[in-house]
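Okay, coords_16.txt now, which holds compact mmCIF, C-alpha atoms:
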# COMPACT_ATOMS: atom_id res chain seq x y z
CA MET A 6 1.40 -78.54 23.55
CA THR A 7 3.13 -81.90 24.00
CA PHE A 8 3.92 -83.79 20.82
CA PRO A 9 4.36 -87.56 20.33
CA ARG A 10 8.02 -88.56 20.54
CA ALA A 11 7.89 -90.40 17.23
CA LEU A 12 6.61 -87.30 15.49
CA LEU A 13 9.29 -85.11 17.01
CA ALA A 14 11.90 -87.60 15.88
CA ALA A 15 10.51 -87.44 12.38
CA TRP A 16 10.70 -83.62 12.39
CA MET A 17 14.28 -83.75 13.60
CA LEU A 18 15.23 -86.05 10.76
CA LEU A 19 13.82 -83.50 8.34
CA LEU A 20 15.52 -80.61 10.05
CA GLY A 21 18.86 -82.32 10.27
CA GLY A 22 18.86 -83.30 6.64
CA SER A 23 19.12 -87.03 7.40
CA PHE A 24 17.11 -89.01 4.88
CA SER A 25 17.74 -92.57 6.06
CA THR A 26 14.75 -94.80 6.81
CA LEU A 27 13.51 -94.52 10.38
CA ALA A 28 14.79 -97.48 12.37
CA GLN A 29 11.55 -97.80 14.27
CA ALA A 30 9.10 -96.58 11.66
CA PRO A 31 5.54 -97.67 12.33
CA ALA A 32 3.56 -99.86 9.99
CA LYS A 33 2.59 -98.08 6.80
CA VAL A 34 -0.42 -95.87 7.46
CA LYS A 35 -2.89 -95.35 4.65
CA LEU A 36 -3.04 -91.70 3.71
CA LYS A 37 -5.25 -89.79 1.28
CA PRO A 38 -4.14 -90.21 -2.36
CA GLU A 39 -3.40 -86.48 -2.59
CA VAL A 40 -1.13 -86.72 0.45
CA GLU A 41 0.63 -89.78 -0.96
CA LYS A 42 1.28 -87.89 -4.19
CA PHE A 43 2.57 -84.86 -2.27
CA ILE A 44 4.95 -86.99 -0.22
CA GLY A 45 6.27 -88.63 -3.38
CA GLN A 46 6.97 -85.22 -4.89
CA MET A 47 8.76 -84.01 -1.75
CA VAL A 48 10.94 -87.13 -1.75
CA GLN A 49 11.75 -86.92 -5.45
CA GLN A 50 12.21 -83.16 -5.80
CA HIS A 51 13.67 -82.23 -2.41
CA GLN A 52 15.09 -85.47 -0.99
CA PHE A 53 12.88 -85.57 2.10
CA ASP A 54 12.68 -88.85 3.95
CA GLU A 55 9.48 -90.69 3.02
CA GLY A 56 9.08 -92.41 6.38
CA ALA A 57 9.47 -89.17 8.27
CA LEU A 58 6.92 -87.40 6.10
CA ARG A 59 4.48 -90.26 6.48
CA GLN A 60 4.78 -90.07 10.25
CA ILE A 61 4.09 -86.34 10.10
CA PHE A 62 1.04 -86.52 7.87
CA ALA A 63 -0.40 -89.47 9.78
CA GLN A 64 -0.78 -87.10 12.75
CA LEU A 65 -2.60 -84.34 10.86
CA LYS A 66 -6.32 -83.81 10.44
CA THR A 67 -8.80 -81.08 9.60
CA ASN A 68 -8.67 -78.06 11.89
CA ASP A 69 -12.23 -76.78 12.28
CA GLY A 70 -11.03 -73.36 13.38
CA VAL A 71 -9.16 -72.95 10.11
CA VAL A 72 -12.24 -73.96 8.11
CA LYS A 73 -14.39 -71.46 9.98
CA ALA A 74 -11.87 -68.63 9.62
CA ILE A 75 -11.14 -69.15 5.93
CA ASN A 76 -14.87 -69.15 5.17
CA ALA A 77 -15.46 -65.82 6.92
CA PRO A 78 -12.32 -63.67 6.61
CA ALA A 79 -12.31 -60.13 7.96
CA THR A 80 -11.73 -58.78 4.45
CA SER A 81 -15.24 -59.93 3.48
CA LYS A 82 -16.83 -57.43 5.87
CA PRO A 83 -18.34 -54.19 4.51
CA TRP A 84 -15.74 -51.44 4.30
CA TYR A 85 -17.19 -49.37 7.13
CA GLU A 86 -16.93 -52.37 9.49
CA PHE A 87 -13.49 -53.43 8.28
CA ARG A 88 -12.13 -49.89 8.65
CA ASN A 89 -13.27 -49.66 12.25
CA ILE A 90 -11.26 -52.79 13.07
CA PHE A 91 -7.96 -51.78 11.50
CA VAL A 92 -7.82 -47.97 11.32
CA THR A 93 -7.97 -47.19 15.01
CA PRO A 94 -6.36 -44.76 17.48
CA THR A 95 -4.63 -47.72 19.16
CA ARG A 96 -2.94 -48.92 15.97
CA THR A 97 -2.15 -45.33 15.03
CA SER A 98 -0.45 -44.48 18.33
CA ALA A 99 1.42 -47.79 18.38
CA GLY A 100 2.52 -47.11 14.82
CA VAL A 101 4.03 -43.76 15.81
CA VAL A 102 5.96 -45.48 18.60
CA PHE A 103 7.16 -48.20 16.22
CA TRP A 104 8.28 -45.58 13.70
CA ASN A 105 10.13 -43.55 16.32
CA ASP A 106 11.84 -46.66 17.68
CA ASN A 107 12.90 -47.85 14.21
CA ALA A 108 13.30 -44.59 12.31
CA GLU A 109 16.80 -45.37 11.03
CA GLN A 110 15.87 -48.77 9.58
CA LEU A 111 12.64 -47.44 8.10
CA LYS A 112 14.51 -44.61 6.38
CA ARG A 113 17.08 -47.06 5.06
CA ALA A 114 14.29 -49.24 3.67
CA ARG A 115 12.72 -46.23 1.98
CA ASP A 116 16.06 -45.20 0.50
CA THR A 117 16.73 -48.76 -0.71
CA TYR A 118 13.30 -49.75 -2.02
CA GLY A 119 11.38 -46.49 -2.42
CA VAL A 120 8.56 -47.46 -0.04
CA PRO A 121 7.53 -44.73 2.45
CA GLU A 122 8.00 -45.39 6.15
CA GLU A 123 4.33 -44.96 6.95
CA ILE A 124 3.28 -47.67 4.46
CA ILE A 125 5.70 -50.20 5.96
CA VAL A 126 4.54 -49.31 9.47
CA ALA A 127 0.86 -49.48 8.52
CA ILE A 128 1.21 -52.94 6.97
CA LEU A 129 2.78 -54.22 10.18
CA GLY A 130 -0.02 -52.56 12.13
CA VAL A 131 -2.76 -54.14 10.06
CA GLU A 132 -1.07 -57.54 9.88
CA SER A 133 -0.09 -58.16 13.48
CA ILE A 134 -0.37 -54.92 15.52
CA TYR A 135 3.44 -54.68 15.37
CA GLY A 136 4.00 -58.28 16.43
CA LYS A 137 1.34 -58.59 19.14
CA ARG A 138 -0.84 -60.96 17.10
CA THR A 139 1.17 -63.24 14.86
CA GLY A 140 -1.31 -66.11 14.92
CA SER A 141 -2.28 -68.97 17.20
CA PHE A 142 -2.70 -71.81 14.68
CA ARG A 143 -0.01 -74.39 14.10
CA VAL A 144 1.04 -73.62 10.55
CA VAL A 145 1.31 -77.28 9.62
CA ASP A 146 -2.31 -77.83 10.71
CA ALA A 147 -3.57 -74.79 8.83
CA LEU A 148 -1.77 -75.71 5.62
CA TYR A 149 -2.79 -79.37 5.83
CA THR A 150 -6.45 -78.38 6.24
CA LEU A 151 -6.38 -75.95 3.32
CA ALA A 152 -4.22 -78.12 1.07
CA PHE A 153 -5.82 -81.51 1.56
CA GLU A 154 -9.25 -81.06 3.15
CA MET A 155 -10.65 -78.07 1.24
CA PRO A 156 -10.70 -78.20 -2.57
CA GLU A 157 -11.23 -74.50 -3.30
CA ARG A 158 -7.55 -73.48 -3.37
CA ALA A 159 -5.88 -76.81 -2.67
CA ALA A 160 -3.15 -76.44 -5.32
CA TYR A 161 -2.07 -73.08 -3.91
CA PHE A 162 -1.89 -74.32 -0.33
CA ARG A 163 -0.05 -77.50 -1.29
CA GLY A 164 2.57 -75.20 -2.75
CA GLU A 165 2.67 -73.33 0.54
CA MET A 166 3.05 -76.60 2.47
CA GLU A 167 5.99 -77.49 0.23
CA GLN A 168 7.61 -74.12 0.87
CA PHE A 169 6.91 -74.31 4.59
CA LEU A 170 8.67 -77.65 4.94
CA LEU A 171 11.63 -76.32 2.95
CA LEU A 172 11.72 -73.12 5.03
CA THR A 173 11.78 -74.95 8.35
CA ARG A 174 14.45 -77.36 7.15
CA GLU A 175 16.64 -74.53 5.86
CA ASN A 176 16.35 -72.54 9.07
CA GLY A 177 16.60 -75.34 11.63
CA MET A 178 13.06 -74.78 12.91
CA ASP A 179 10.79 -77.46 14.30
CA PRO A 180 7.72 -77.22 12.03
CA ALA A 181 5.53 -78.71 14.74
CA THR A 182 5.99 -75.61 16.90
CA VAL A 183 5.64 -72.83 14.31
CA LYS A 184 2.50 -70.75 14.87
CA GLY A 185 0.80 -68.47 12.38
CA SER A 186 -2.51 -67.35 10.93
CA PHE A 187 -5.41 -69.54 9.84
CA ALA A 188 -4.00 -69.32 6.31
CA GLY A 189 -0.46 -70.26 7.32
CA ALA A 190 1.06 -66.76 7.33
CA ILE A 191 3.97 -66.30 9.72
CA GLY A 192 5.98 -63.68 11.57
CA MET A 193 5.32 -60.02 12.29
CA PRO A 194 4.66 -59.19 8.61
CA GLN A 195 2.55 -62.36 8.16
CA PHE A 196 4.40 -63.66 5.11
CA MET A 197 3.17 -66.86 3.51
CA PRO A 198 5.98 -69.46 3.33
CA THR A 199 6.56 -68.85 -0.40
CA SER A 200 6.90 -65.12 0.21
CA TYR A 201 9.23 -65.75 3.16
CA ARG A 202 11.60 -67.77 0.99
CA ARG A 203 11.38 -65.43 -2.02
CA PHE A 204 11.16 -61.93 -0.58
CA ALA A 205 12.46 -61.92 3.01
CA VAL A 206 15.85 -60.22 3.28
CA ASP A 207 18.72 -60.20 5.75
CA PHE A 208 18.52 -56.44 6.14
CA ASP A 209 21.05 -56.23 8.97
CA SER A 210 23.51 -58.64 7.33
CA ASP A 211 23.81 -60.93 10.33
CA GLY A 212 23.64 -64.04 8.17
CA LYS A 213 20.08 -64.96 9.22
CA ILE A 214 16.55 -63.93 8.32
CA ASN A 215 14.13 -63.70 11.23
CA LEU A 216 10.66 -62.28 10.59
CA TRP A 217 9.48 -62.79 14.17
CA GLU A 218 11.96 -60.72 16.19
CA ASN A 219 14.56 -59.09 13.93
CA LEU A 220 13.11 -55.66 13.20
CA PRO A 221 15.58 -54.69 10.43
CA ASP A 222 14.77 -57.94 8.60
CA ILE A 223 11.04 -57.38 9.09
CA ILE A 224 11.14 -53.80 7.84
CA GLY A 225 13.42 -54.55 4.91
CA SER A 226 11.39 -57.59 3.88
CA VAL A 227 8.09 -55.71 3.71
CA ALA A 228 9.72 -52.99 1.62
CA ASN A 229 11.40 -55.53 -0.65
CA TYR A 230 8.10 -57.33 -1.19
CA LEU A 231 6.34 -54.15 -2.33
CA HIS A 232 9.33 -53.14 -4.44
CA HIS A 233 9.32 -56.51 -6.19
CA PHE A 234 5.67 -56.09 -7.17
CA GLY A 235 6.31 -52.71 -8.73
CA TRP A 236 6.11 -49.97 -6.11
CA VAL A 237 7.02 -46.61 -7.66
CA ALA A 238 8.47 -44.03 -5.29
CA ASP A 239 6.76 -40.67 -4.93
CA GLN A 240 3.63 -41.62 -6.85
CA PRO A 241 0.07 -41.39 -5.47
CA ILE A 242 -1.64 -44.47 -4.07
CA VAL A 243 -5.35 -43.69 -4.13
CA VAL A 244 -7.53 -40.56 -4.19
CA PRO A 245 -11.28 -40.01 -3.89
CA ALA A 246 -13.13 -39.62 -7.19
CA ARG A 247 -15.74 -37.10 -8.29
CA LEU A 248 -18.34 -38.54 -10.67
CA SER A 249 -20.92 -37.26 -13.13
CA GLY A 250 -23.17 -38.91 -15.68
CA ALA A 251 -23.41 -42.70 -15.93
CA GLU A 252 -20.48 -43.78 -18.12
CA TYR A 253 -18.25 -44.20 -15.09
CA LYS A 254 -20.03 -47.47 -14.30
CA GLU A 255 -18.23 -49.30 -17.10
CA ILE A 256 -14.90 -48.28 -15.53
CA VAL A 257 -16.00 -49.52 -12.11
CA ASP A 258 -16.93 -52.84 -13.66
CA LYS A 259 -13.29 -53.39 -14.70
CA GLY A 260 -12.08 -53.19 -11.09
CA PHE A 261 -9.28 -51.42 -9.27
CA LYS A 262 -6.41 -52.61 -11.43
CA PRO A 263 -5.16 -49.52 -13.31
CA HIS A 264 -6.24 -49.61 -16.96
CA LEU A 265 -7.11 -46.07 -18.10
CA THR A 266 -5.35 -42.73 -17.79
CA LEU A 267 -7.09 -39.98 -15.88
CA ALA A 268 -7.29 -38.07 -19.18
CA GLN A 269 -9.22 -40.99 -20.68
CA MET A 270 -11.55 -41.14 -17.69
CA LEU A 271 -12.44 -37.45 -17.71
CA PRO A 272 -14.85 -37.62 -20.70
CA LYS A 273 -16.61 -40.50 -18.93
CA GLY A 274 -17.40 -38.33 -15.93
CA VAL A 275 -14.54 -39.37 -13.63
CA GLU A 276 -12.04 -36.95 -12.10
CA PRO A 277 -9.81 -36.94 -9.01
CA THR A 278 -10.63 -34.67 -6.10
CA GLU A 279 -6.91 -33.90 -5.71
CA THR A 280 -4.36 -32.61 -8.20
CA VAL A 281 -2.85 -35.64 -9.91
CA PRO A 282 -1.02 -35.84 -13.28
CA SER A 283 -3.55 -36.65 -16.00
CA GLU A 284 -1.23 -39.19 -17.67
CA LEU A 285 -1.31 -41.53 -14.67
CA VAL A 286 -3.14 -44.81 -15.20
CA ALA A 287 -5.82 -45.74 -12.68
CA GLY A 288 -8.73 -48.01 -11.88
CA LEU A 289 -12.00 -46.94 -10.30
CA PHE A 290 -13.63 -48.78 -7.42
CA THR A 291 -16.43 -48.34 -4.93
CA MET A 292 -16.50 -48.87 -1.16
CA GLU A 293 -19.55 -49.46 1.00
CA ILE A 294 -20.15 -46.86 3.69
CA GLU A 295 -23.01 -46.72 6.17
CA GLN A 296 -25.02 -44.34 3.99
CA GLY A 297 -24.28 -45.46 0.46
CA GLN A 298 -21.09 -45.73 -1.59
CA GLU A 299 -17.86 -43.81 -2.00
CA TYR A 300 -15.64 -43.96 -5.09
CA TRP A 301 -11.86 -44.04 -5.30
CA LEU A 302 -9.23 -43.87 -8.01
CA ALA A 303 -6.59 -46.57 -7.53
CA PHE A 304 -3.11 -46.08 -8.97
CA ASN A 305 -0.24 -48.50 -9.42
CA ASN A 306 0.90 -48.38 -5.80
CA PHE A 307 -2.59 -49.25 -4.54
CA TYR A 308 -2.57 -52.29 -6.79
CA VAL A 309 0.86 -53.21 -5.42
CA ILE A 310 -0.51 -53.21 -1.86
CA THR A 311 -3.20 -55.65 -2.99
CA ARG A 312 -0.41 -58.07 -3.97
CA TYR A 313 0.21 -58.34 -0.22
CA ASN A 314 -3.46 -59.12 0.40
CA ARG A 315 -5.78 -59.21 -2.58
CA SER A 316 -8.50 -57.11 -1.03
CA LYS A 317 -9.42 -53.49 -1.68
CA ASN A 318 -10.56 -53.32 1.97
CA TYR A 319 -7.05 -54.30 3.04
CA ALA A 320 -5.25 -51.88 0.73
CA LEU A 321 -7.44 -48.90 1.63
CA ALA A 322 -7.05 -49.67 5.34
CA VAL A 323 -3.26 -49.70 4.95
CA PHE A 324 -3.43 -46.37 3.11
CA GLN A 325 -5.66 -44.70 5.68
CA LEU A 326 -3.76 -46.08 8.67
CA ALA A 327 -0.49 -44.92 7.08
CA ASN A 328 -1.90 -41.40 6.70
CA ALA A 329 -3.16 -41.37 10.29
CA ILE A 330 0.23 -42.50 11.61
CA ALA A 331 2.11 -39.91 9.55
CA ARG A 332 -0.24 -37.12 10.68
CA GLU A 333 -0.01 -38.03 14.36
CA ARG A 334 3.77 -38.34 14.24
CA GLU A 335 4.10 -35.00 12.49
CA SER A 336 1.78 -33.41 15.05
CA GLN A 337 3.79 -34.81 17.94
CA ASN A 338 7.05 -33.66 16.41
CA SER A 339 5.64 -30.18 15.84
CA MET A 340 4.50 -29.92 19.44
CA GLN A 341 7.93 -31.01 20.70
CA ALA A 342 9.65 -28.48 18.45
CA ALA A 343 7.36 -25.56 19.37
CA PRO A 344 8.87 -23.08 21.89
CA THR A 345 7.13 -22.82 25.25
CA ALA A 346 5.66 -19.56 26.52
CA SER A 347 8.58 -19.11 28.88
CA GLN A 348 11.04 -19.27 25.99
Can the structure in the file be given as structure tokens, please?
Amino acid sequence: MTFPRALLAAWMLLLGGSFSTLAQAPAKVKLKPEVEKFIGQMVQQHQFDEGALRQIFAQLKTNDGVVKAINAPATSKPWYEFRNIFVTPTRTSAGVVFWNDNAEQLKRARDTYGVPEEIIVAILGVESIYGKRTGSFRVVDALYTLAFEMPERAAYFRGEMEQFLLLTRENGMDPATVKGSFAGAIGMPQFMPTSYRRFAVDFDSDGKINLWENLPDIIGSVANYLHHFGWVADQPIVVPARLSGAEYKEIVDKGFKPHLTLAQMLPKGVEPTETVPSELVAGLFTMEIEQGQEYWLAFNNFYVITRYNRSKNYALAVFQLANAIARERESQNSMQAAPTASQ
């Protein structure tokens, strides 16, 4: 996509850290009051050039594709439809290949942050199919639309626009060329700009953080993110529940955030279908299947996954894809290790 020369010049002023007034700045364009306020804050708090920002925002408008996508996200689908999109043989097989190719870095991330290899791999599989789909929207368009044209979560997305502009300036990137998701998430792990600046790590110590192509940084950053939100090594994530009576409904109503121990749930007719320590705290949630409902006990680590994407569909898909990847990899390794008939 070709960009107007004046706009590119404005971006370069931002990237280069030069905050002088543009010599050939156009006449002052009237912008929305919310945009004017945002520009003032960026100038005051972060020393951005006002003229350059005005040139940038004068070029932006609502992206209809973003509006359509944000109003019908995949996570809103029934579980049985969502699962069929993300827990697939293709993502599983590709996940095994990714794990084999990056086994050393994945192990190092597990040793450093406590997050199992299969969880890191599954998140990358769900988010971008291991980098194949990192988004086709210009991030600046997506964030402008959500921050200034849609009131529902405008404050949140204005914060992300702020962080995006800071991120591109810090890393010498041209914001006009950065592509991402309809929500403004970027790179292989689909980090929002705030998460990129807060949780991305230089895992190979090369002095740079690159979440598009640098696999050690990508792997380490996903693990660091989950660690920051409270991942506990070697604890269960989620298990199916067995129910009796009717008192369990009041536990379901409180959602999947852990709030009762399994021992406290037992008298209310809720028990795990697997052996799990009774002192663990859990939440109880339901998922829609084609013939009814299924019930799951969510522990701390399940809740941590929902900090990546606040959807029980998302977290359960990550869990099930992770299990599928681990099983297939173990099966392949067992077959390779087995002696042949001639041996």
Residue with smallest distance to A:Arg158 - pool A:Asn318, A:Pro282, A:Ile75, A:Tyr135, counting all atoms listed in the file: A:Ile75
Name the residues in contact with A:Phe234 at a cut-off of 9 Å, using all atoms listed in the file, excluding same-chain residues fewer than 2 positions from it; report them as a PyMOL selection string. chain A and resi 229-232+236+309-310+312
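Computed from the coordinates, the atom CA of A:Ser226 to atom CA of A:Ser200 distance equals 9.5 Å.
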Straight-line distance linking atom CA of A:Ala228 with atom CA of A:Lys137, stated in Å to one decimal: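 Between atom CA of A:Ala228 and atom CA of A:Lys137 the gap works out to 20.2 Å.
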Counting only C-alpha atoms, which of A:Tyr118, A:Phe87, A:Phe142, A:Phe53 gets nearest to A:Gly70?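 That would be A:Phe142, the residue with the smallest distance to A:Gly70.
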Give me the residues near stretch 212-217 of chain A as an MDAnalysis selection string, where near means some atom within 6 Å (using only C-alpha atoms) and where sequence neighbours in that chain fewer than 5 positions away do not count. chainID A and resid 192:193 207 223
Top pick for closest residue to A:Ser336, considering A:Ser98, A:Gln195, A:Gln168, A:Gln298 and counting all atoms listed in the file: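 Going through A:Ser98, A:Gln195, A:Gln168, A:Gln298 one by one, the smallest distance to A:Ser336 is for A:Ser98.
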For a cut-off of 9 Å around (-12.0, -60.2, -3.4), file coordinates, pick out all residues using all atoms listed in the file and list them as number ranges by chain. A: 80-81, 315-318
Could you list, as a ChimeraX atom specification, every residue within 9 Å of A:Arg202, counting only C-alpha atoms and ignoring same-chain residues fewer than 6 positions away? /A:168-169,171-172
Go ahead and write the selection's residues with C-alpha atoms as a PDB file, keeping the file's coordinate frame.
ATOM      1  CA  GLN A 168       7.610 -74.120   0.870  1.00  0.00           C
ATOM      2  CA  PHE A 169       6.910 -74.310   4.590  1.00  0.00           C
ATOM      3  CA  LEU A 171      11.630 -76.320   2.950  1.00  0.00           C
ATOM      4  CA  LEU A 172      11.720 -73.120   5.030  1.00  0.00           C
TER       5      LEU A 172
END
